[in-house]
$ cat entry31.cif   # mmCIF, C-alpha atoms and all ligand atoms
data_structure
#
loop_
_atom_site.label_atom_id
_atom_site.label_comp_id
_atom_site.auth_asym_id
_atom_site.auth_seq_id
_atom_site.Cartn_x
_atom_site.Cartn_y
_atom_site.Cartn_z
CA MET A 1 136.07 164.25 271.06
CA LEU A 2 133.55 165.79 268.65
CA VAL A 3 134.89 168.79 266.74
CA LEU A 4 132.94 171.23 264.62
CA GLY A 5 135.27 172.16 261.74
CA ILE A 6 134.75 175.25 259.60
CA GLU A 7 136.50 175.99 256.30
CA SER A 8 136.22 179.23 254.31
CA SER A 9 139.70 179.98 252.94
CA CYS A 10 138.77 180.45 249.28
CA ASP A 11 135.64 179.66 247.32
CA GLU A 12 134.32 176.67 249.29
CA THR A 13 132.25 177.05 252.44
CA GLY A 14 132.47 173.98 254.63
CA ALA A 15 131.22 172.71 257.97
CA ALA A 16 131.79 169.23 259.35
CA LEU A 17 131.27 167.29 262.55
CA ILE A 18 134.22 164.97 263.09
CA GLN A 19 134.73 162.42 265.85
CA ASP A 20 138.29 161.87 267.13
CA GLY A 21 139.87 163.44 264.05
CA ARG A 22 138.89 160.52 261.84
CA TYR A 23 135.20 159.69 261.75
CA LEU A 24 132.65 161.71 259.83
CA LEU A 25 129.26 162.49 261.29
CA SER A 26 128.70 165.04 258.56
CA ASN A 27 130.66 167.00 255.97
CA VAL A 28 128.92 169.78 254.06
CA VAL A 29 130.60 171.82 251.32
CA ALA A 30 129.01 174.66 249.36
CA SER A 31 131.07 175.40 246.29
CA GLN A 32 131.07 178.63 244.30
CA ILE A 33 132.38 176.99 241.13
CA GLU A 34 129.41 178.14 239.05
CA VAL A 35 129.79 181.73 240.22
CA HIS A 36 133.49 181.92 239.32
CA ASN A 37 133.33 179.76 236.22
CA ARG A 38 132.32 182.68 234.03
CA TYR A 39 135.46 184.60 235.08
CA GLY A 40 137.77 181.63 234.58
CA GLY A 41 138.98 181.85 238.18
CA VAL A 42 138.12 183.00 241.68
CA VAL A 43 137.20 186.68 242.14
CA PRO A 44 138.15 187.45 245.78
CA GLU A 45 135.51 190.09 246.47
CA VAL A 46 132.78 187.87 245.08
CA ALA A 47 134.14 184.89 247.05
CA SER A 48 133.92 186.60 250.43
CA ARG A 49 130.35 187.76 249.82
CA GLN A 50 129.36 184.23 248.85
CA GLN A 51 131.02 182.90 252.01
CA LEU A 52 128.89 185.23 254.07
CA SER A 53 125.62 184.05 252.55
CA ALA A 54 126.57 180.36 252.66
CA ILE A 55 128.06 179.94 256.11
CA ILE A 56 124.92 179.73 258.28
CA PRO A 57 122.94 177.35 256.00
CA VAL A 58 126.05 175.16 255.67
CA LEU A 59 126.45 174.99 259.45
CA GLU A 60 122.77 174.17 259.95
CA THR A 61 122.95 171.42 257.33
CA ALA A 62 126.05 169.93 259.00
CA PHE A 63 124.20 169.64 262.32
CA ALA A 64 121.06 168.29 260.67
CA GLN A 65 122.96 165.65 258.69
CA ALA A 66 124.92 164.52 261.73
CA GLY A 67 121.80 164.45 263.89
CA CYS A 68 123.79 166.39 266.50
CA GLN A 69 122.91 168.97 269.12
CA TRP A 70 125.19 171.69 270.40
CA GLU A 71 125.50 169.70 273.64
CA ASP A 72 127.37 166.97 271.72
CA VAL A 73 130.11 169.31 270.46
CA ASP A 74 133.39 169.40 272.43
CA ALA A 75 135.35 172.03 270.46
CA ILE A 76 135.23 174.36 267.46
CA ALA A 77 137.91 174.83 264.81
CA ALA A 78 138.19 177.14 261.81
CA THR A 79 140.81 177.84 259.15
CA TYR A 80 142.81 181.03 259.85
CA GLY A 81 145.19 180.83 256.85
CA PRO A 82 146.49 180.64 254.18
CA GLY A 83 143.83 181.92 251.80
CA LEU A 84 141.90 185.01 250.78
CA ALA A 85 141.62 187.47 253.70
CA GLY A 86 137.96 188.30 253.11
CA SER A 87 136.96 184.65 252.80
CA LEU A 88 139.02 183.52 255.81
CA LEU A 89 137.48 186.24 257.94
CA VAL A 90 133.98 184.79 257.53
CA GLY A 91 134.70 181.28 258.81
CA LEU A 92 137.12 182.40 261.51
CA THR A 93 134.77 185.02 262.90
CA VAL A 94 131.81 182.66 262.91
CA GLY A 95 133.92 179.93 264.55
CA LYS A 96 135.23 182.20 267.29
CA SER A 97 131.77 183.71 267.90
CA LEU A 98 130.16 180.30 268.28
CA ALA A 99 132.91 179.17 270.63
CA LEU A 100 132.41 182.29 272.75
CA ALA A 101 128.63 181.90 272.77
CA ARG A 102 128.71 178.18 273.57
CA ASN A 103 131.67 178.45 275.94
CA LEU A 104 133.65 175.88 273.95
CA PRO A 105 137.40 175.59 273.33
CA PHE A 106 138.50 177.09 270.01
CA VAL A 107 141.48 176.32 267.81
CA GLY A 108 142.52 177.99 264.54
CA VAL A 109 143.71 175.59 261.85
CA ASN A 110 146.40 175.93 259.19
CA HIS A 111 144.66 175.05 255.90
CA LEU A 112 147.75 173.33 254.44
CA GLU A 113 148.21 171.18 257.51
CA ALA A 114 144.54 170.27 257.21
CA HIS A 115 145.07 169.12 253.60
CA ILE A 116 147.68 166.68 254.99
CA TYR A 117 145.30 165.53 257.77
CA ALA A 118 142.66 164.65 255.18
CA ASN A 119 144.68 161.42 255.04
CA TRP A 120 143.53 160.57 258.58
CA LEU A 121 139.84 160.69 257.66
CA ARG A 122 138.09 157.35 257.33
CA GLN A 123 135.45 156.58 254.76
CA ASN A 124 132.09 155.49 256.05
CA GLU A 125 131.41 153.33 253.05
CA GLN A 126 133.44 150.84 251.08
CA PRO A 127 136.01 152.87 249.09
CA ARG A 128 135.33 153.39 245.41
CA GLU A 129 137.87 151.99 243.03
CA ALA A 130 139.28 155.46 242.27
CA ASP A 131 139.91 155.92 245.98
CA MET A 132 141.46 152.55 246.79
CA ASN A 133 144.55 153.50 248.69
CA TRP A 134 145.20 150.44 250.81
CA CYS A 135 145.68 152.55 253.90
CA GLU A 136 144.25 150.80 256.90
CA GLY A 137 144.58 152.80 260.05
CA ASP A 138 146.51 156.03 260.49
CA PRO A 139 149.49 156.99 258.31
CA GLU A 140 152.81 156.13 259.95
CA PHE A 141 155.68 158.54 260.58
CA PRO A 142 158.16 159.42 259.28
CA LEU A 143 156.53 160.00 255.92
CA ILE A 144 156.84 162.16 252.83
CA CYS A 145 153.85 164.27 251.87
CA LEU A 146 153.42 165.82 248.46
CA VAL A 147 151.17 168.81 249.01
CA VAL A 148 149.76 169.84 245.64
CA SER A 149 146.90 172.32 245.76
CA GLY A 150 145.62 175.42 244.00
CA ALA A 151 148.22 177.73 245.50
CA HIS A 152 150.93 175.40 246.85
CA SER A 153 153.26 172.64 245.66
CA GLU A 154 155.56 171.36 248.37
CA LEU A 155 157.46 168.21 249.20
CA VAL A 156 157.43 167.83 252.96
CA LEU A 157 159.12 165.39 255.32
CA VAL A 158 156.78 164.79 258.25
CA ARG A 159 158.64 163.25 261.18
CA ASP A 160 155.70 163.25 263.58
CA HIS A 161 152.50 165.17 264.30
CA GLY A 162 153.35 168.83 263.71
CA GLN A 163 156.98 168.18 262.73
CA TYR A 164 157.45 169.38 259.18
CA GLU A 165 160.61 169.84 257.14
CA LEU A 166 160.41 171.54 253.76
CA LEU A 167 162.34 169.55 251.13
CA GLY A 168 161.29 171.54 248.09
CA GLN A 169 158.60 173.79 246.69
CA THR A 170 157.51 175.43 243.47
CA ARG A 171 159.52 178.40 242.29
CA ASP A 172 156.61 179.81 240.29
CA ASP A 173 153.17 178.32 239.65
CA ALA A 174 151.58 175.71 241.91
CA ALA A 175 150.57 172.46 240.20
CA GLY A 176 146.85 173.22 240.62
CA GLU A 177 147.39 176.74 239.35
CA ALA A 178 149.09 175.32 236.24
CA PHE A 179 146.12 172.99 235.67
CA ASP A 180 143.72 175.93 236.05
CA LYS A 181 145.65 178.30 233.76
CA VAL A 182 146.24 175.70 231.07
CA ALA A 183 142.58 174.65 231.12
CA ARG A 184 141.72 178.29 230.52
CA ILE A 185 144.20 178.43 227.63
CA LEU A 186 142.66 175.29 226.13
CA GLY A 187 139.13 176.60 226.68
CA LEU A 188 138.24 173.80 229.07
CA GLY A 189 136.76 175.88 231.90
CA TYR A 190 137.23 176.19 235.67
CA PRO A 191 138.39 174.43 237.79
CA GLY A 192 141.01 173.21 235.40
CA GLY A 193 142.21 170.02 237.09
CA PRO A 194 139.08 167.91 236.63
CA ALA A 195 138.50 169.43 233.15
CA ILE A 196 141.99 168.51 231.96
CA GLN A 197 141.78 165.05 233.49
CA HIS A 198 138.46 164.48 231.72
CA ALA A 199 139.67 165.76 228.31
CA ALA A 200 142.86 163.68 228.61
CA GLN A 201 140.91 160.56 229.56
CA GLN A 202 138.62 160.92 226.54
CA ALA A 203 141.57 161.32 224.18
CA GLU A 204 143.34 158.35 225.75
CA ASP A 205 140.22 156.18 225.52
CA ALA A 206 139.80 157.11 221.84
CA LEU A 207 143.40 156.20 221.09
CA GLN A 208 142.99 152.90 222.88
CA ARG A 209 139.91 152.06 220.80
CA GLN A 210 142.01 152.67 217.68
CA ASN A 211 144.78 150.50 219.10
CA LYS A 212 147.19 153.43 219.00
CA PRO A 213 149.81 153.63 221.76
CA ILE A 214 149.19 156.70 223.96
CA LYS A 215 152.87 157.29 224.66
CA GLN A 216 153.61 157.49 220.95
CA ALA A 217 150.73 159.88 220.26
CA ARG A 218 151.83 162.24 223.06
CA LYS A 219 155.20 162.61 221.36
CA ALA A 220 153.51 164.93 218.85
CA TYR A 221 154.06 167.69 221.39
CA LEU A 222 157.46 168.44 222.85
CA LEU A 223 156.56 169.75 226.26
CA PRO A 224 159.33 170.89 228.61
CA ARG A 225 159.87 169.45 232.08
CA ALA A 226 161.84 171.52 234.59
CA TRP A 227 163.79 168.91 236.53
CA LEU A 228 165.83 171.39 238.63
CA ARG A 229 168.20 168.55 239.39
CA GLY A 230 169.83 168.37 242.79
CA THR A 231 166.79 170.03 244.38
CA TYR A 232 163.28 168.99 245.30
CA ASP A 233 161.94 172.24 243.85
CA PHE A 234 159.38 172.45 241.07
CA SER A 235 158.71 174.88 238.25
CA PHE A 236 155.65 174.73 236.04
CA SER A 237 155.64 178.13 234.35
CA GLY A 238 157.76 177.01 231.37
CA LEU A 239 155.31 174.22 230.68
CA LYS A 240 152.41 176.67 230.93
CA THR A 241 154.12 179.04 228.48
CA ALA A 242 154.70 176.20 226.02
CA MET A 243 150.99 175.41 226.18
CA LEU A 244 150.17 179.08 225.63
CA HIS A 245 152.40 179.28 222.56
CA LEU A 246 150.86 176.16 221.12
CA ALA A 247 147.34 177.44 221.65
CA GLU A 248 148.05 180.96 220.41
CA GLY A 249 149.77 179.65 217.31
CA ALA A 250 146.82 177.44 216.61
CA THR A 251 144.29 180.24 216.69
CA GLN A 252 146.33 183.01 215.10
CA LEU A 253 148.09 181.21 212.30
CA ALA A 254 146.66 179.60 209.23
CA PRO A 255 147.44 175.87 208.91
CA GLU A 256 149.69 176.43 205.86
CA GLN A 257 151.84 178.87 207.87
CA ARG A 258 152.18 176.43 210.73
CA SER A 259 153.20 173.47 208.67
CA THR A 260 156.01 175.42 206.97
CA GLY A 261 157.63 175.87 210.35
CA HIS A 262 157.49 179.69 210.23
CA SER A 263 155.25 179.88 213.22
CA GLY A 264 158.16 180.42 215.58
CA GLN A 265 157.10 179.34 219.05
CA VAL A 266 154.56 176.79 217.93
CA SER A 267 156.98 174.76 215.86
CA ARG A 268 159.32 174.55 218.84
CA TYR A 269 156.78 172.42 220.64
CA VAL A 270 155.34 170.43 217.77
CA ARG A 271 157.28 167.60 216.23
CA MET A 272 157.73 168.20 212.49
CA GLY A 273 155.42 166.13 210.38
CA GLU A 274 152.87 165.74 213.18
CA GLN A 275 150.92 168.88 212.30
CA SER A 276 149.98 167.71 208.86
CA ALA A 277 149.10 164.32 210.26
CA GLN A 278 146.54 166.08 212.50
CA GLY A 279 145.23 168.14 209.63
CA GLY A 280 146.88 171.33 210.93
CA ALA A 281 144.71 171.57 214.02
CA LEU A 282 145.84 171.04 217.58
CA ASP A 283 144.24 168.09 219.31
CA VAL A 284 143.02 169.54 222.62
CA GLY A 285 142.48 166.16 224.27
CA LEU A 286 145.91 164.93 223.30
CA LEU A 287 147.42 168.22 224.46
CA ALA A 288 145.64 167.89 227.81
CA SER A 289 146.96 164.35 228.12
CA SER A 290 150.52 165.44 227.25
CA PHE A 291 150.37 168.34 229.71
CA GLN A 292 149.03 166.15 232.51
CA GLU A 293 151.76 163.60 231.79
CA ALA A 294 154.45 166.31 231.97
CA ILE A 295 153.26 167.53 235.39
CA VAL A 296 152.74 164.05 236.81
CA ASP A 297 156.16 162.95 235.56
CA VAL A 298 158.04 165.59 237.57
CA LEU A 299 155.86 165.27 240.69
CA ALA A 300 156.14 161.48 240.78
CA VAL A 301 159.88 161.23 240.12
CA LYS A 302 160.79 163.88 242.71
CA THR A 303 158.51 162.30 245.30
CA ARG A 304 160.06 158.91 244.67
CA GLN A 305 163.55 160.37 245.05
CA ALA A 306 162.59 162.00 248.35
CA ALA A 307 161.08 158.74 249.62
CA GLN A 308 164.34 156.96 248.75
CA GLU A 309 166.63 159.57 250.28
CA TYR A 310 164.71 159.79 253.54
CA LYS A 311 163.95 156.05 253.63
CA VAL A 312 160.28 156.44 254.48
CA LYS A 313 157.77 153.62 254.24
CA GLN A 314 154.82 155.84 253.40
CA VAL A 315 154.03 158.66 250.99
CA LEU A 316 150.92 160.80 251.31
CA LEU A 317 149.28 162.94 248.67
CA ALA A 318 147.42 166.07 249.77
CA GLY A 319 145.58 169.02 248.22
CA GLY A 320 143.26 169.32 245.24
CA VAL A 321 145.67 167.85 242.70
CA ALA A 322 145.81 164.67 244.82
CA ALA A 323 142.41 163.96 243.25
CA ASN A 324 144.14 163.43 239.91
CA ALA A 325 143.81 159.80 238.79
CA SER A 326 146.92 159.89 236.67
CA LEU A 327 149.07 161.23 239.54
CA ARG A 328 147.70 158.62 241.95
CA GLU A 329 148.34 155.79 239.54
CA ARG A 330 151.80 156.94 238.49
CA LEU A 331 152.95 157.44 242.06
CA ARG A 332 151.80 153.96 243.01
CA ARG A 333 153.75 152.52 240.07
CA GLU A 334 156.81 154.60 240.92
CA LEU A 335 156.84 153.52 244.58
CA ALA A 336 155.65 149.92 244.46
CA PRO A 337 159.12 148.50 243.64
CA LEU A 338 160.47 150.30 246.74
CA HIS A 339 157.71 148.82 248.93
CA VAL A 340 156.63 152.32 249.85
CA GLN A 341 152.92 152.69 250.51
CA VAL A 342 151.13 155.51 248.70
CA SER A 343 147.98 156.92 250.30
CA TYR A 344 145.64 159.71 249.38
CA PRO A 345 142.32 160.95 250.67
CA PRO A 346 139.05 160.13 248.89
CA ILE A 347 138.45 162.65 246.11
CA GLU A 348 135.99 164.82 248.07
CA PHE A 349 138.58 165.28 250.85
CA CYS A 350 141.36 166.33 248.46
CA THR A 351 139.80 169.65 247.51
CA ASP A 352 138.73 172.12 250.18
CA ASN A 353 136.44 170.77 252.88
CA ALA A 354 135.79 171.17 256.59
CA ALA A 355 136.27 167.51 257.55
CA MET A 356 140.03 167.94 257.19
CA ILE A 357 139.84 171.01 259.44
CA GLY A 358 138.12 168.92 262.11
CA SER A 359 140.81 166.26 261.76
CA ALA A 360 143.83 168.59 262.04
CA ALA A 361 142.14 170.42 264.93
CA TYR A 362 141.65 167.20 266.90
CA PHE A 363 145.38 166.44 266.99
CA HIS A 364 146.13 169.97 268.21
CA LEU A 365 143.32 169.97 270.78
CA LYS A 366 144.41 166.57 272.07
CA GLY A 367 147.81 168.11 272.79
CA GLY A 368 146.10 170.80 274.87
CA GLU A 369 146.32 173.58 272.29
CA ARG A 370 143.78 176.41 272.23
CA HIS A 371 143.63 179.80 270.55
CA ASP A 372 142.43 183.01 272.12
CA PHE A 373 139.68 185.01 270.47
CA ASP A 374 142.19 187.61 269.28
CA LEU A 375 143.47 185.12 266.69
CA ASP A 376 143.40 186.94 263.34
CA VAL A 377 143.39 185.66 259.76
CA GLN A 378 146.83 185.01 258.22
CA PRO A 379 146.43 185.00 254.41
CA GLY A 380 150.14 184.19 253.86
CA LEU A 381 150.47 181.46 256.48
CA SER A 382 152.79 178.53 255.62
CA LEU A 383 153.30 175.16 257.28
CA PRO A 384 155.23 175.50 260.55
CA PHE A 385 158.54 174.21 259.20
CA ALA A 386 161.34 173.21 261.53
CA GLN A 387 164.87 174.39 260.66
CA ARG A 388 166.83 171.73 258.81
P1 LIG A 401 145.53 176.05 248.74
O1 LIG A 401 145.05 174.79 249.37
O2 LIG A 401 146.93 175.99 248.24
O3 LIG A 401 145.26 177.25 249.58
P2 LIG A 401 143.15 175.83 247.16
O4 LIG A 401 142.52 175.59 248.49
O5 LIG A 401 142.52 176.79 246.23
O6 LIG A 401 144.67 176.26 247.40
P3 LIG A 401 142.60 173.08 246.66
O7 LIG A 401 141.17 173.24 246.95
O8 LIG A 401 143.39 172.26 247.57
O9 LIG A 401 143.33 174.47 246.41
O10 LIG A 401 142.74 172.47 245.23
C1 LIG A 401 142.16 173.09 244.13
C2 LIG A 401 143.05 172.79 242.96
O11 LIG A 401 143.05 171.39 242.71
C3 LIG A 401 142.62 173.47 241.70
O12 LIG A 401 143.75 174.09 241.14
C4 LIG A 401 142.11 172.33 240.84
O13 LIG A 401 142.30 172.54 239.45
C5 LIG A 401 142.95 171.17 241.33
N1 LIG A 401 142.32 169.88 241.07
C6 LIG A 401 141.13 169.43 241.52
N2 LIG A 401 140.84 168.22 241.00
C7 LIG A 401 141.89 167.88 240.20
C8 LIG A 401 142.20 166.78 239.35
N3 LIG A 401 141.36 165.76 239.22
N4 LIG A 401 143.37 166.81 238.66
C9 LIG A 401 144.22 167.84 238.79
N5 LIG A 401 143.98 168.92 239.55
C10 LIG A 401 142.84 168.95 240.25
MG MG A 402 138.37 175.98 245.67
FE FE A 403 143.06 174.07 249.70
#
$ encode --input "entry31.cif" --output "structure tokens"
Amino acid sequence: MLVLGIESSCDETGAALIQDGRYLLSNVVASQIEVHNRYGGVVPEVASRQQLSAIIPVLETAFAQAGCQWEDVDAIAATYGPGLAGSLLVGLTVGKSLALARNLPFVGVNHLEAHIYANWLRQNEQPREADMNWCEGDPEFPLICLVVSGAHSELVLVRDHGQYELLGQTRDDAAGEAFDKVARILGLGYPGGPAIQHAAQQAEDALQRQNKPIKQARKAYLLPRAWLRGTYDFSFSGLKTAMLHLAEGATQLAPEQRSTGHSGQVSRYVRMGEQSAQGGALDVGLLASSFQEAIVDVLAVKTRQAAQEYKVKQVLLAGGVAANASLRERLRRELAPLHVQVSYPPIEFCTDNAAMIGSAAYFHLKGGERHDFDLDVQPGLSLPFAQR
């Protein structure tokens, strides 16, 4: 079954032609990163206008790259939520219109479910080292999925196709949101995840060249971790605030004030004696590395605990933050002793794309599901959780 998938939930416009939910004939993504970069985040009104101008060229490119004709397409799918209403409306309306015009079955796709189904997509080429995930064939149920994206952070038990149980979720910021906000605080640009990963990597490489242990260096900053013990919930806003206080203190206070410990908030997060060792200035790369470590720490430990409690043999990563090299590596290390397999999509399928829409749609269509053309956008849609 060949599905045309369309994605337009936020600031990426995507179209993909996907065979049997797994095999890529084409996957085209137009990103608005440059447009939103100057604002430090996505401006909804700008995003929807950009969607409108990108959608047709993106669709045409997807057909051209796949070498497909309309006659080859068996069904059409588009994201209907969650996301920005104005952006969602573009892809959903185009998807429904094309289905009506071509007399093809249509199915609306839940964007979060699609992030999970990115794990079913196969790579056409030999995987790059960063994407080695040792997952041959489809993921096997039951499994735990850590969904970490720009607006969501959820630990989900997936018993079978479409059977989701919510184990825990963030009580404030999503992991990706924390990366984005902290990158802004540190002046690293948008989107924050890749920027922080890059800055951290550079700092870590420099330390390694000087033969200095990274773990030791990170101890310069005392960053909080919200463990919320006894739950699988997350909280990243305290960590974000600590980063804000560190950065504000660094720009507003003279070095002599900081080193005397009168800087209030700043000194709470900086180990005494470390400031003078760094010449009074905050080390942005080392801060990025410490922040990334703090987030990864909590995500990896909680995911491991969930895998143990529910005795699953497989853990999936999903969403934009699943692209993070440090999270991937740490989770593998955390789960290897338990013989639990960790899988994640190739980097380009972690962030928003239409291939994952085509994949999720296939499993719904195969079960006979269709949507009528009165399907509307649902900006606040969540995964269809079963009662526990
Ligand atoms: P949602 O899927 O919850 O609706 P979204 O679609 O905006 O939100 P995604 O596209 O899944 O989110 O992911 C984008 C997020 O992923 C951004 O917050 C970005 O900073 C983060 N991200 C991307 N690459 C990395 C990385 N290498 N490390 C950490 N975070 C990353
Ligand atoms: Mg995006
Ligand atoms: Fe997303």
$ closest_atom_pairs --input "entry31.cif" --of "chain A" --to "ligand LIG 401 (chain A)" --cutoff "6 Å" --atoms "all atoms listed in the file" --output "CSV"
residue,atom,partner,partner_atom,distance
A:Pro82,CA,A:LIG401,O3,5.8
A:Gly83,CA,A:LIG401,O3,5.4
A:Leu112,CA,A:LIG401,O1,5.9
A:Ser149,CA,A:LIG401,O8,3.9
A:Gly150,CA,A:LIG401,O9,3.5
A:Ala151,CA,A:LIG401,O2,3.5
A:His152,CA,A:LIG401,O2,4.3
A:Gly176,CA,A:LIG401,O12,3.3
A:Glu177,CA,A:LIG401,O12,4.8
A:Phe179,CA,A:LIG401,O13,5.4
A:Asp180,CA,A:LIG401,O13,5.0
A:Pro191,CA,A:LIG401,O13,4.6
A:Gly192,CA,A:LIG401,O13,4.3
A:Gly193,CA,A:LIG401,N5,3.2
A:Pro194,CA,A:LIG401,N3,4.1
A:Gln197,CA,A:LIG401,N4,5.7
A:Gly319,CA,A:LIG401,O8,4.0
A:Gly320,CA,A:LIG401,O10,3.2
A:Val321,CA,A:LIG401,N5,3.7
A:Ala323,CA,A:LIG401,N3,4.5
A:Asn324,CA,A:LIG401,N4,3.7
A:Thr351,CA,A:LIG401,O7,3.9
A:Asp352,CA,A:LIG401,O7,4.2
$ residues_near_ligand --input "entry31.cif" --ligand "ligand MG 402 (chain A)" --cutoff "6 Å" --atoms "all atoms listed in the file" --output "PyMOL selection string"
chain A and resi 10-12+352
$ write_last_selection --input "entry31.cif" --atoms "C-alpha atoms" --output "PDB file, in the frame of the given file"
ATOM      1  CA  CYS A  10     138.770 180.450 249.280  1.00  0.00           C
ATOM      2  CA  ASP A  11     135.640 179.660 247.320  1.00  0.00           C
ATOM      3  CA  GLU A  12     134.320 176.670 249.290  1.00  0.00           C
ATOM      4  CA  ASP A 352     138.730 172.120 250.180  1.00  0.00           C
TER       5      ASP A 352
END
$ atom_distance --input "entry31.cif" --atom1 "CA of Ala174 in chain A" --atom2 "CA of Ser53 in chain A"
29.3 Å
$ residues_around --input "entry31.cif" --residues "Glu7 in chain A" --least-positions-apart "5" --cutoff "9 Å" --atoms "all atoms listed in the file" --output "JSON, numbers by chain"
{"A": [12, 13, 14, 15, 16, 29, 77, 78, 79, 80, 88, 91, 92, 111, 352, 353, 354, 355, 356, 357]}
$ write_last_selection --input "entry31.cif" --atoms "C-alpha atoms" --output "CSV table (one decimal), in the coordinates of the input"
chain,number,residue,atom,x,y,z
A,12,GLU,CA,134.3,176.7,249.3
A,13,THR,CA,132.2,177.0,252.4
A,14,GLY,CA,132.5,174.0,254.6
A,15,ALA,CA,131.2,172.7,258.0
A,16,ALA,CA,131.8,169.2,259.4
A,29,VAL,CA,130.6,171.8,251.3
A,77,ALA,CA,137.9,174.8,264.8
A,78,ALA,CA,138.2,177.1,261.8
A,79,THR,CA,140.8,177.8,259.2
A,80,TYR,CA,142.8,181.0,259.8
A,88,LEU,CA,139.0,183.5,255.8
A,91,GLY,CA,134.7,181.3,258.8
A,92,LEU,CA,137.1,182.4,261.5
A,111,HIS,CA,144.7,175.0,255.9
A,352,ASP,CA,138.7,172.1,250.2
A,353,ASN,CA,136.4,170.8,252.9
A,354,ALA,CA,135.8,171.2,256.6
A,355,ALA,CA,136.3,167.5,257.6
A,356,MET,CA,140.0,167.9,257.2
A,357,ILE,CA,139.8,171.0,259.4
$ residues_around --input "entry31.cif" --residues "Phe63 in chain A" --least-positions-apart "2" --cutoff "10 Å" --atoms "all atoms listed in the file" --output "PyMOL selection string"
chain A and resi 4+15-17+25-28+58-61+65-70
$ residues_around --input "entry31.cif" --residues "Arg102 in chain A" --least-positions-apart "4" --cutoff "12 Å" --atoms "all atoms listed in the file" --output "JSON, numbers by chain"
{"A": [69, 70, 71, 72, 73, 74, 75, 76, 94, 95, 96, 97, 98, 106]}
$ atom_distance --input "entry31.cif" --atom1 "CA of Pro139 in chain A" --atom2 "CA of His339 in chain A"
14.9 Å
$ closest_residue --input "entry31.cif" --among "A:Pro224, A:Gly162, A:Gly285, A:Gly189" --to "Gly41 in chain A" --atoms "only C-alpha atoms"
A:Gly189
$ residues_near_point --input "entry31.cif" --point "(157.6, 175.6, 230.8)" --cutoff "8 Å" --atoms "all atoms listed in the file" --output "number ranges by chain"
A: 223-226, 235-242
$ write_last_selection --input "entry31.cif" --atoms "C-alpha atoms" --output "PDB file, in the coordinates of the input"
ATOM      1  CA  LEU A 223     156.560 169.750 226.260  1.00  0.00           C
ATOM      2  CA  PRO A 224     159.330 170.890 228.610  1.00  0.00           C
ATOM      3  CA  ARG A 225     159.870 169.450 232.080  1.00  0.00           C
ATOM      4  CA  ALA A 226     161.840 171.520 234.590  1.00  0.00           C
ATOM      5  CA  SER A 235     158.710 174.880 238.250  1.00  0.00           C
ATOM      6  CA  PHE A 236     155.650 174.730 236.040  1.00  0.00           C
ATOM      7  CA  SER A 237     155.640 178.130 234.350  1.00  0.00           C
ATOM      8  CA  GLY A 238     157.760 177.010 231.370  1.00  0.00           C
ATOM      9  CA  LEU A 239     155.310 174.220 230.680  1.00  0.00           C
ATOM     10  CA  LYS A 240     152.410 176.670 230.930  1.00  0.00           C
ATOM     11  CA  THR A 241     154.120 179.040 228.480  1.00  0.00           C
ATOM     12  CA  ALA A 242     154.700 176.200 226.020  1.00  0.00           C
TER      13      ALA A 242
END
$ atom_distance --input "entry31.cif" --atom1 "CA of Ile55 in chain A" --atom2 "CA of Ala195 in chain A"
27.3 Å
$ residues_around --input "entry31.cif" --residues "Gln314 in chain A" --least-positions-apart "6" --cutoff "10 Å" --atoms "all atoms listed in the file" --output "VMD selection string"
chain A and resid 135 139 to 145 307 335 339 to 343
$ residues_around --input "entry31.cif" --residues "Gln32 in chain A" --least-positions-apart "2" --cutoff "9 Å" --atoms "all atoms listed in the file" --output "ChimeraX atom specification"
/A:11-13,30,34-37,42,47,50-51
$ closest_residue --input "entry31.cif" --among "A:Val3, A:Thr231, A:Glu348, A:Asp374" --to "ligand FE 403 (chain A)" --atoms "all atoms listed in the file"
A:Glu348
$ closest_residue --input "entry31.cif" --among "A:Leu383, A:Ile6, A:Val43, A:Ala114" --to "ligand FE 403 (chain A)" --atoms "all atoms listed in the file"
A:Ala114
$ closest_residue --input "entry31.cif" --among "A:Tyr117, A:Leu100, A:Lys313, A:Ser48" --to "ligand FE 403 (chain A)" --atoms "all atoms listed in the file"
A:Tyr117
$ closest_residue --input "entry31.cif" --among "A:Gln305, A:Ser8, A:Ser290, A:Gln387" --to "ligand FE 403 (chain A)" --atoms "only C-alpha atoms and all ligand atoms"
A:Ser8
